[in-house]
Amino acid sequence: MTYKKVKEAADFIKSQYKKDIKIALVLGSGLGGFADEFENAVVIPYEDIPHFKRSTVEGHAGQLVIGEVEGIPVAIQQGRFHYYEGYKIAQVVFPMRVFGMLGVETAIITNAAGSVLTSFKQGSLMLIRDHINMMGTSPLRGENDERFGARFPDMTQVYDPELQEIATEEAEKIARERVEKGLDKKYLQFLRRGVYCALSGPNYETPAEIRMYRMLGATAVGMSTVPEAIAARHQNIKVLGISCITNLAAGITNQPIDHEEVMETGQKVGAKFKELLKRIIKRIAAEKTETANA
Ligand code: HPA
């Protein structure tokens with residue numbers, strides 16, 4: 001049944017945008033501004049797509065924006081479905097299922113997250129090198145449809161090493177250019193690597209919980225990304241994950257956590273984040289073009 005629904009949604013998107021979409025971008029809270037990078041974008045509201053739900057969280061528009069970067073078709077999922085909104089976990093990953101059906105090869109998944117370490121500053125970006133799933137469920141729970149992927153998929157390397165390398169290189173280039181242009185006095189590494197721990201939310205954590213997650217090996221905590229990353233790997237889509245550290249997690253400072261502030265930080269980092277994403281996507285697109293011409 002799900003397969004049929006996914007196919008109906010994919011067929012509809014194909015009827016609106018004919019080319020093969022290669023890269024999908026899932027944007028987190030306050031990070032939705034990337035779509036203005038496209039010329040001649042095609043916008044498809046979720047309510048037009050069969051079986052797509054609507055996004056209920058503030059700061060998340062509900063639409064797909066499809067355009068080209070360096071001639072490579074890229075789809076942006078503006079507005080994601082969170083488990084805490086009450087959706088079934090299969091509904092949370094429905095758009096990723098559709099991307100897989102459309103032939104997407106690479107998913108870039110972003111989020112807002114709280115740092116469990118004191119050494120991260122508000123507004124830093126973190127490259128996800130691995131995750132811990134504390135949501136208490138998996139999007140693959142239930143009957144497995146082999147047309148999507150295997151019953152017991154391997155999760156040794158969820159976040160693609162080559163994509164991580166590209167992201168790191170591009171972040172370094174930006175940091176060096178900023179010094180050369182006199183925008184920063186010294187070289188600032190703005191893409192550190194870390195482990196993202198996914199929780200079901202919607203309440204933020206207690207200080208005791210944050211101490212526990214830190215002991216377990218988490219670098220940052222958030223309420224998304226992991227279901228989508230698991231579904232993507234199930235379908236053999238390569239994944240890159242980047243967190244925007246919008247706040248220090250509970251108890252790391254004495255400050256209470258405020259959703260408004262989380263959103264504001266996301267927006268403030270927007271320009272830096274967009275620049276990094278743009279360069280990463282250009283690199284991936286260039287490599288895809290090379291492979292196609294080889
Ligand atoms: N905890 C969980 N999710 C979050 C946080 C946090 O501190 N900040 C942004 N998303």
# chains A, B, ... in the order shown; residues from 1 in each chain; ligands from 1
>>> residues_around(residues="Thr265 of chain A", least_positions_apart="2", cutoff="10 Å", atoms="only C-alpha atoms", output="ChimeraX atom specification")
/A:29-31,112,122-124,244-247,259-263,267-270
>>> write_last_selection(atoms="all heavy atoms", output="short mmCIF file (atom, residue, chain, number, x, y, z; two decimals), in the first residue's frame")
data_model
loop_
_atom_site.label_atom_id
_atom_site.label_comp_id
_atom_site.auth_asym_id
_atom_site.auth_seq_id
_atom_site.Cartn_x
_atom_site.Cartn_y
_atom_site.Cartn_z
N SER A 29 14.69 23.90 10.83
CA SER A 29 14.05 25.11 11.37
C SER A 29 14.85 26.38 11.08
O SER A 29 16.03 26.45 11.40
CB SER A 29 13.94 25.02 12.89
OG SER A 29 13.34 23.83 13.28
N GLY A 30 14.20 27.33 10.48
CA GLY A 30 14.84 28.63 10.24
C GLY A 30 15.87 28.59 9.13
O GLY A 30 16.53 29.58 8.85
N LEU A 31 16.04 27.43 8.48
CA LEU A 31 17.10 27.31 7.47
C LEU A 31 16.52 27.19 6.06
O LEU A 31 17.17 26.71 5.15
CB LEU A 31 17.97 26.08 7.79
CG LEU A 31 18.57 26.03 9.19
CD1 LEU A 31 19.20 24.67 9.47
CD2 LEU A 31 19.62 27.11 9.37
N ALA A 112 18.33 22.00 13.13
CA ALA A 112 18.75 22.84 14.24
C ALA A 112 19.01 21.90 15.39
O ALA A 112 18.27 20.94 15.59
CB ALA A 112 17.64 23.82 14.59
N GLN A 122 26.94 29.16 19.83
CA GLN A 122 25.66 29.34 19.16
C GLN A 122 25.93 29.79 17.72
O GLN A 122 26.73 30.71 17.53
CB GLN A 122 24.89 30.45 19.88
CG GLN A 122 23.47 30.11 20.12
CD GLN A 122 22.76 31.25 20.82
OE1 GLN A 122 23.29 32.32 21.02
NE2 GLN A 122 21.52 30.98 21.18
N GLY A 123 25.32 29.14 16.79
CA GLY A 123 25.54 29.52 15.39
C GLY A 123 26.63 28.73 14.70
O GLY A 123 26.86 28.94 13.52
N SER A 124 27.31 27.82 15.41
CA SER A 124 28.31 26.97 14.74
C SER A 124 27.60 25.94 13.89
O SER A 124 26.44 25.59 14.14
CB SER A 124 29.17 26.18 15.72
OG SER A 124 29.48 26.87 16.85
N CYS A 244 22.89 22.89 12.51
CA CYS A 244 23.19 24.26 12.92
C CYS A 244 23.00 24.29 14.42
O CYS A 244 21.90 23.99 14.92
CB CYS A 244 22.23 25.22 12.23
SG CYS A 244 22.33 26.87 12.89
N ILE A 245 24.06 24.59 15.15
CA ILE A 245 23.96 24.62 16.62
C ILE A 245 23.28 25.93 17.01
O ILE A 245 23.90 27.00 17.01
CB ILE A 245 25.36 24.51 17.28
CG1 ILE A 245 26.09 23.23 16.82
CG2 ILE A 245 25.25 24.58 18.82
CD1 ILE A 245 25.44 21.93 17.23
N THR A 246 21.98 25.83 17.31
CA THR A 246 21.22 27.05 17.59
C THR A 246 21.28 27.44 19.06
O THR A 246 20.94 28.55 19.42
CB THR A 246 19.74 26.84 17.20
OG1 THR A 246 19.28 25.63 17.81
CG2 THR A 246 19.57 26.74 15.70
N ASN A 247 21.70 26.50 19.90
CA ASN A 247 21.75 26.79 21.35
C ASN A 247 22.63 25.75 22.04
O ASN A 247 22.92 24.70 21.46
CB ASN A 247 20.33 26.71 21.94
CG ASN A 247 19.69 25.36 21.72
OD1 ASN A 247 19.23 25.05 20.62
ND2 ASN A 247 19.69 24.53 22.74
N HIS A 259 12.32 28.48 21.95
CA HIS A 259 12.15 28.15 20.53
C HIS A 259 12.39 29.36 19.62
O HIS A 259 12.99 29.24 18.56
CB HIS A 259 10.75 27.56 20.27
CG HIS A 259 10.50 27.23 18.83
ND1 HIS A 259 11.20 26.25 18.15
CD2 HIS A 259 9.64 27.76 17.92
CE1 HIS A 259 10.78 26.21 16.90
NE2 HIS A 259 9.83 27.10 16.73
N GLU A 260 11.96 30.54 20.10
CA GLU A 260 12.15 31.76 19.30
C GLU A 260 13.64 31.98 19.02
O GLU A 260 14.04 32.34 17.92
CB GLU A 260 11.62 32.99 20.07
CG GLU A 260 10.11 33.01 20.23
CD GLU A 260 9.39 33.05 18.89
OE1 GLU A 260 9.84 33.80 18.02
OE2 GLU A 260 8.40 32.31 18.72
N GLU A 261 14.43 31.75 20.08
CA GLU A 261 15.87 31.97 19.96
C GLU A 261 16.49 30.95 19.01
O GLU A 261 17.37 31.26 18.22
CB GLU A 261 16.48 31.84 21.35
CG GLU A 261 17.81 32.53 21.47
CD GLU A 261 18.40 32.33 22.86
OE1 GLU A 261 17.62 32.34 23.85
OE2 GLU A 261 19.62 32.13 22.94
N VAL A 262 15.98 29.71 19.09
CA VAL A 262 16.46 28.65 18.20
C VAL A 262 16.22 29.08 16.75
O VAL A 262 17.10 29.02 15.90
CB VAL A 262 15.74 27.32 18.52
CG1 VAL A 262 15.97 26.28 17.44
CG2 VAL A 262 16.18 26.78 19.88
N MET A 263 15.01 29.59 16.48
CA MET A 263 14.65 30.03 15.12
C MET A 263 15.52 31.21 14.69
O MET A 263 16.00 31.26 13.57
CB MET A 263 13.18 30.47 15.08
CG MET A 263 12.20 29.37 15.35
SD MET A 263 12.19 28.17 14.03
CE MET A 263 11.70 29.24 12.69
N GLN A 267 18.16 31.64 11.54
CA GLN A 267 18.09 32.68 10.51
C GLN A 267 19.38 33.49 10.41
O GLN A 267 19.82 33.83 9.32
CB GLN A 267 16.90 33.61 10.78
CG GLN A 267 15.64 33.06 10.13
CD GLN A 267 14.38 33.38 10.93
OE1 GLN A 267 14.39 34.23 11.82
NE2 GLN A 267 13.30 32.70 10.63
N LYS A 268 20.00 33.75 11.57
CA LYS A 268 21.25 34.53 11.57
C LYS A 268 22.36 33.79 10.84
O LYS A 268 23.18 34.39 10.17
CB LYS A 268 21.70 34.79 13.02
CG LYS A 268 21.14 36.08 13.57
CD LYS A 268 21.81 36.42 14.88
CE LYS A 268 20.79 36.93 15.89
NZ LYS A 268 21.12 36.66 17.27
N VAL A 269 22.41 32.48 11.04
CA VAL A 269 23.47 31.69 10.40
C VAL A 269 23.12 31.42 8.94
O VAL A 269 23.94 30.93 8.18
CB VAL A 269 23.63 30.33 11.13
CG1 VAL A 269 24.92 29.66 10.74
CG2 VAL A 269 23.58 30.52 12.61
N GLY A 270 21.87 31.76 8.59
CA GLY A 270 21.37 31.45 7.26
C GLY A 270 22.34 31.70 6.12
O GLY A 270 22.57 30.83 5.29
#
>>> select_by_dssp(residues="segment 33-238 of chain A", states="helix (DSSP H, G or I)", output="PyMOL selection string")
chain A and resi 33-37+46-48+83-85+89-92+94-101+161-180+207-216+226-234
>>> residues_around(residues="Ser115 of chain A", least_positions_apart="3", cutoff="6 Å", atoms="only C-alpha atoms", output="list in words")
Ala220, Leu248 and Ala249 of chain A
>>> closest_residue(among="A:Lys22, A:His82, A:Arg54, A:Lys173", to="ligand 1", atoms="only C-alpha atoms and all ligand atoms")
A:His82
>>> residues_around(residues="Glu8 of chain A", least_positions_apart="5", cutoff="10 Å", atoms="only C-alpha atoms", output="PyMOL selection string")
chain A and resi 2-3+13-14+49-51+98
>>> atom_distance(atom1="atom CA of Glu143 of chain A", atom2="atom CA of Gln235 of chain A")
15.2 Å
>>> residues_around(residues="Tyr84 of chain A", least_positions_apart="5", cutoff="7 Å", atoms="only C-alpha atoms", output="list in words")
Ser200, Gly201 and Pro202 of chain A
>>> write_last_selection(atoms="C-alpha atoms", output="PDB file, in the first residue's frame")
ATOM      1  CA  SER A 200      11.413  12.362  20.015  1.00  0.00           C
ATOM      2  CA  GLY A 201      10.710  15.747  21.719  1.00  0.00           C
ATOM      3  CA  PRO A 202       8.813  18.063  21.604  1.00  0.00           C
TER       4      PRO A 202
END
>>> select_by_dssp(residues="segment 13-145 of chain A", states="strand (DSSP E or B)", output="MDAnalysis selection string")
chainID A and resid 23:27 42:45 63:69 72:78 106:115 125:133
>>> closest_atom_pairs(of="segment 74-140 of chain A", to="segment 180-189 of chain A", cutoff="12 Å", atoms="only C-alpha atoms", output="JSON lines")
{"residue": "A:Phe120", "atom": "CA", "partner": "A:Gln189", "partner_atom": "CA", "distance": 11.2}
{"residue": "A:Lys121", "atom": "CA", "partner": "A:Gln189", "partner_atom": "CA", "distance": 11.7}
{"residue": "A:Ser124", "atom": "CA", "partner": "A:Gln189", "partner_atom": "CA", "distance": 9.3}
{"residue": "A:Leu125", "atom": "CA", "partner": "A:Gln189", "partner_atom": "CA", "distance": 9.5}
{"residue": "A:Met126", "atom": "CA", "partner": "A:Gln189", "partner_atom": "CA", "distance": 10.4}
{"residue": "A:Leu127", "atom": "CA", "partner": "A:Gln189", "partner_atom": "CA", "distance": 11.7}
>>> residues_around(residues="Thr168 of chain A", least_positions_apart="3", cutoff="9 Å", atoms="only C-alpha atoms", output="ChimeraX atom specification")
/A:127,163-165,171-173,191-193
>>> write_last_selection(atoms="all heavy atoms", output="PDB file, in the first residue's frame")
ATOM      1  N   LEU A 127      29.126  19.057  11.209  1.00  0.00           N
ATOM      2  CA  LEU A 127      28.991  17.994  10.223  1.00  0.00           C
ATOM      3  C   LEU A 127      28.662  16.707  10.988  1.00  0.00           C
ATOM      4  O   LEU A 127      29.384  16.333  11.914  1.00  0.00           O
ATOM      5  CB  LEU A 127      30.321  17.854   9.487  1.00  0.00           C
ATOM      6  CG  LEU A 127      30.421  16.780   8.418  1.00  0.00           C
ATOM      7  CD1 LEU A 127      29.518  17.105   7.240  1.00  0.00           C
ATOM      8  CD2 LEU A 127      31.862  16.660   7.942  1.00  0.00           C
ATOM      9  N   LEU A 163      31.133  12.575   0.844  1.00  0.00           N
ATOM     10  CA  LEU A 163      30.370  13.822   0.995  1.00  0.00           C
ATOM     11  C   LEU A 163      30.878  14.618   2.196  1.00  0.00           C
ATOM     12  O   LEU A 163      30.937  15.847   2.172  1.00  0.00           O
ATOM     13  CB  LEU A 163      28.878  13.526   1.149  1.00  0.00           C
ATOM     14  CG  LEU A 163      28.176  12.913  -0.069  1.00  0.00           C
ATOM     15  CD1 LEU A 163      26.726  12.595   0.261  1.00  0.00           C
ATOM     16  CD2 LEU A 163      28.233  13.864  -1.264  1.00  0.00           C
ATOM     17  N   GLN A 164      31.279  13.900   3.258  1.00  0.00           N
ATOM     18  CA  GLN A 164      31.836  14.582   4.435  1.00  0.00           C
ATOM     19  C   GLN A 164      33.117  15.311   4.066  1.00  0.00           C
ATOM     20  O   GLN A 164      33.377  16.435   4.505  1.00  0.00           O
ATOM     21  CB  GLN A 164      32.136  13.577   5.546  1.00  0.00           C
ATOM     22  CG  GLN A 164      30.903  13.043   6.239  1.00  0.00           C
ATOM     23  CD  GLN A 164      31.287  12.235   7.474  1.00  0.00           C
ATOM     24  OE1 GLN A 164      32.013  12.694   8.338  1.00  0.00           O
ATOM     25  NE2 GLN A 164      30.814  11.007   7.546  1.00  0.00           N
ATOM     26  N   GLU A 165      33.916  14.650   3.226  1.00  0.00           N
ATOM     27  CA  GLU A 165      35.182  15.228   2.771  1.00  0.00           C
ATOM     28  C   GLU A 165      34.920  16.505   1.957  1.00  0.00           C
ATOM     29  O   GLU A 165      35.550  17.540   2.179  1.00  0.00           O
ATOM     30  CB  GLU A 165      35.858  14.169   1.888  1.00  0.00           C
ATOM     31  CG  GLU A 165      37.176  14.538   1.304  1.00  0.00           C
ATOM     32  CD  GLU A 165      38.323  14.064   2.167  1.00  0.00           C
ATOM     33  OE1 GLU A 165      38.125  13.117   2.957  1.00  0.00           O
ATOM     34  OE2 GLU A 165      39.401  14.659   2.038  1.00  0.00           O
ATOM     35  N   ALA A 171      34.129  24.022   3.511  1.00  0.00           N
ATOM     36  CA  ALA A 171      34.086  24.873   4.711  1.00  0.00           C
ATOM     37  C   ALA A 171      35.454  25.506   4.947  1.00  0.00           C
ATOM     38  O   ALA A 171      35.556  26.691   5.300  1.00  0.00           O
ATOM     39  CB  ALA A 171      33.661  24.051   5.924  1.00  0.00           C
ATOM     40  N   GLU A 172      36.514  24.732   4.730  1.00  0.00           N
ATOM     41  CA  GLU A 172      37.871  25.273   4.916  1.00  0.00           C
ATOM     42  C   GLU A 172      38.166  26.386   3.922  1.00  0.00           C
ATOM     43  O   GLU A 172      38.748  27.411   4.278  1.00  0.00           O
ATOM     44  CB  GLU A 172      38.914  24.160   4.770  1.00  0.00           C
ATOM     45  CG  GLU A 172      39.128  23.437   6.074  1.00  0.00           C
ATOM     46  CD  GLU A 172      40.086  22.271   5.966  1.00  0.00           C
ATOM     47  OE1 GLU A 172      40.836  22.185   4.964  1.00  0.00           O
ATOM     48  OE2 GLU A 172      40.075  21.449   6.885  1.00  0.00           O
ATOM     49  N   LYS A 173      37.734  26.176   2.678  1.00  0.00           N
ATOM     50  CA  LYS A 173      37.953  27.209   1.657  1.00  0.00           C
ATOM     51  C   LYS A 173      37.259  28.507   2.057  1.00  0.00           C
ATOM     52  O   LYS A 173      37.828  29.583   1.953  1.00  0.00           O
ATOM     53  CB  LYS A 173      37.386  26.747   0.305  1.00  0.00           C
ATOM     54  CG  LYS A 173      38.342  25.901  -0.496  1.00  0.00           C
ATOM     55  CD  LYS A 173      37.767  25.725  -1.901  1.00  0.00           C
ATOM     56  CE  LYS A 173      37.967  24.293  -2.365  1.00  0.00           C
ATOM     57  NZ  LYS A 173      37.081  23.923  -3.467  1.00  0.00           N
ATOM     58  N   LEU A 191      33.175  24.190  10.634  1.00  0.00           N
ATOM     59  CA  LEU A 191      32.439  22.943  10.435  1.00  0.00           C
ATOM     60  C   LEU A 191      33.153  21.828  11.196  1.00  0.00           C
ATOM     61  O   LEU A 191      34.013  21.146  10.662  1.00  0.00           O
ATOM     62  CB  LEU A 191      32.336  22.612   8.944  1.00  0.00           C
ATOM     63  CG  LEU A 191      31.388  21.464   8.610  1.00  0.00           C
ATOM     64  CD1 LEU A 191      29.950  21.821   8.952  1.00  0.00           C
ATOM     65  CD2 LEU A 191      31.472  21.083   7.146  1.00  0.00           C
ATOM     66  N   ARG A 192      32.815  21.705  12.466  1.00  0.00           N
ATOM     67  CA  ARG A 192      33.390  20.615  13.260  1.00  0.00           C
ATOM     68  C   ARG A 192      32.527  19.392  13.088  1.00  0.00           C
ATOM     69  O   ARG A 192      31.356  19.487  12.757  1.00  0.00           O
ATOM     70  CB  ARG A 192      33.434  21.033  14.729  1.00  0.00           C
ATOM     71  CG  ARG A 192      34.548  22.026  14.990  1.00  0.00           C
ATOM     72  CD  ARG A 192      34.417  22.626  16.354  1.00  0.00           C
ATOM     73  NE  ARG A 192      34.333  21.619  17.409  1.00  0.00           N
ATOM     74  CZ  ARG A 192      34.064  21.922  18.690  1.00  0.00           C
ATOM     75  NH1 ARG A 192      33.847  23.172  19.033  1.00  0.00           N
ATOM     76  NH2 ARG A 192      34.002  20.979  19.603  1.00  0.00           N
ATOM     77  N   ARG A 193      33.125  18.226  13.331  1.00  0.00           N
ATOM     78  CA  ARG A 193      32.362  16.988  13.176  1.00  0.00           C
ATOM     79  C   ARG A 193      31.795  16.556  14.521  1.00  0.00           C
ATOM     80  O   ARG A 193      32.363  16.855  15.563  1.00  0.00           O
ATOM     81  CB  ARG A 193      33.268  15.878  12.629  1.00  0.00           C
ATOM     82  CG  ARG A 193      33.836  16.201  11.260  1.00  0.00           C
ATOM     83  CD  ARG A 193      34.974  15.283  10.914  1.00  0.00           C
ATOM     84  NE  ARG A 193      34.512  14.015  10.381  1.00  0.00           N
ATOM     85  CZ  ARG A 193      34.905  12.819  10.800  1.00  0.00           C
ATOM     86  NH1 ARG A 193      35.763  12.727  11.778  1.00  0.00           N
ATOM     87  NH2 ARG A 193      34.438  11.720  10.250  1.00  0.00           N
TER      88      ARG A 193
END
>>> closest_residue(among="A:Thr225, A:Asn254, A:Asn40, A:Ser15", to="Thr118 of chain A", atoms="only C-alpha atoms")
A:Asn254
>>> residues_around(residues="Ile237 of chain A", least_positions_apart="2", cutoff="6 Å", atoms="only C-alpha atoms", output="mmCIF file with N, CA, C and O atoms, in the first residue's frame")
data_model
loop_
_atom_site.group_PDB
_atom_site.id
_atom_site.type_symbol
_atom_site.label_atom_id
_atom_site.label_comp_id
_atom_site.auth_asym_id
_atom_site.auth_seq_id
_atom_site.Cartn_x
_atom_site.Cartn_y
_atom_site.Cartn_z
ATOM 1 N N GLU A 105 19.943 10.539 -5.819
ATOM 2 C CA GLU A 105 21.141 9.779 -5.440
ATOM 3 C C GLU A 105 21.760 10.288 -4.152
ATOM 4 O O GLU A 105 22.467 9.560 -3.468
ATOM 5 N N THR A 106 21.534 11.570 -3.857
ATOM 6 C CA THR A 106 22.178 12.186 -2.695
ATOM 7 C C THR A 106 21.158 12.993 -1.907
ATOM 8 O O THR A 106 20.427 13.796 -2.502
ATOM 9 N N ALA A 232 16.725 6.930 3.970
ATOM 10 C CA ALA A 232 17.566 7.178 2.791
ATOM 11 C C ALA A 232 18.552 6.023 2.597
ATOM 12 O O ALA A 232 18.701 5.499 1.490
ATOM 13 N N ARG A 233 19.214 5.613 3.658
ATOM 14 C CA ARG A 233 20.178 4.507 3.542
ATOM 15 C C ARG A 233 19.481 3.204 3.128
ATOM 16 O O ARG A 233 20.028 2.419 2.376
ATOM 17 N N GLN A 235 17.163 2.959 1.163
ATOM 18 C CA GLN A 235 16.950 3.041 -0.290
ATOM 19 C C GLN A 235 18.249 3.282 -1.045
ATOM 20 O O GLN A 235 18.225 3.619 -2.225
#
>>> closest_residue(among="A:Leu277, A:Val179, A:Ala294, A:Cys197", to="Asn133 of chain A", atoms="only C-alpha atoms")
A:Cys197
>>> closest_residue(among="A:Met223, A:Leu117, A:Ile284, A:Ile109", to="ligand 1", atoms="only C-alpha atoms and all ligand atoms")
A:Met223
>>> closest_residue(among="A:Gly241, A:Gly194, A:Pro207, A:Gly222", to="ligand 1", atoms="only C-alpha atoms and all ligand atoms")
A:Gly222
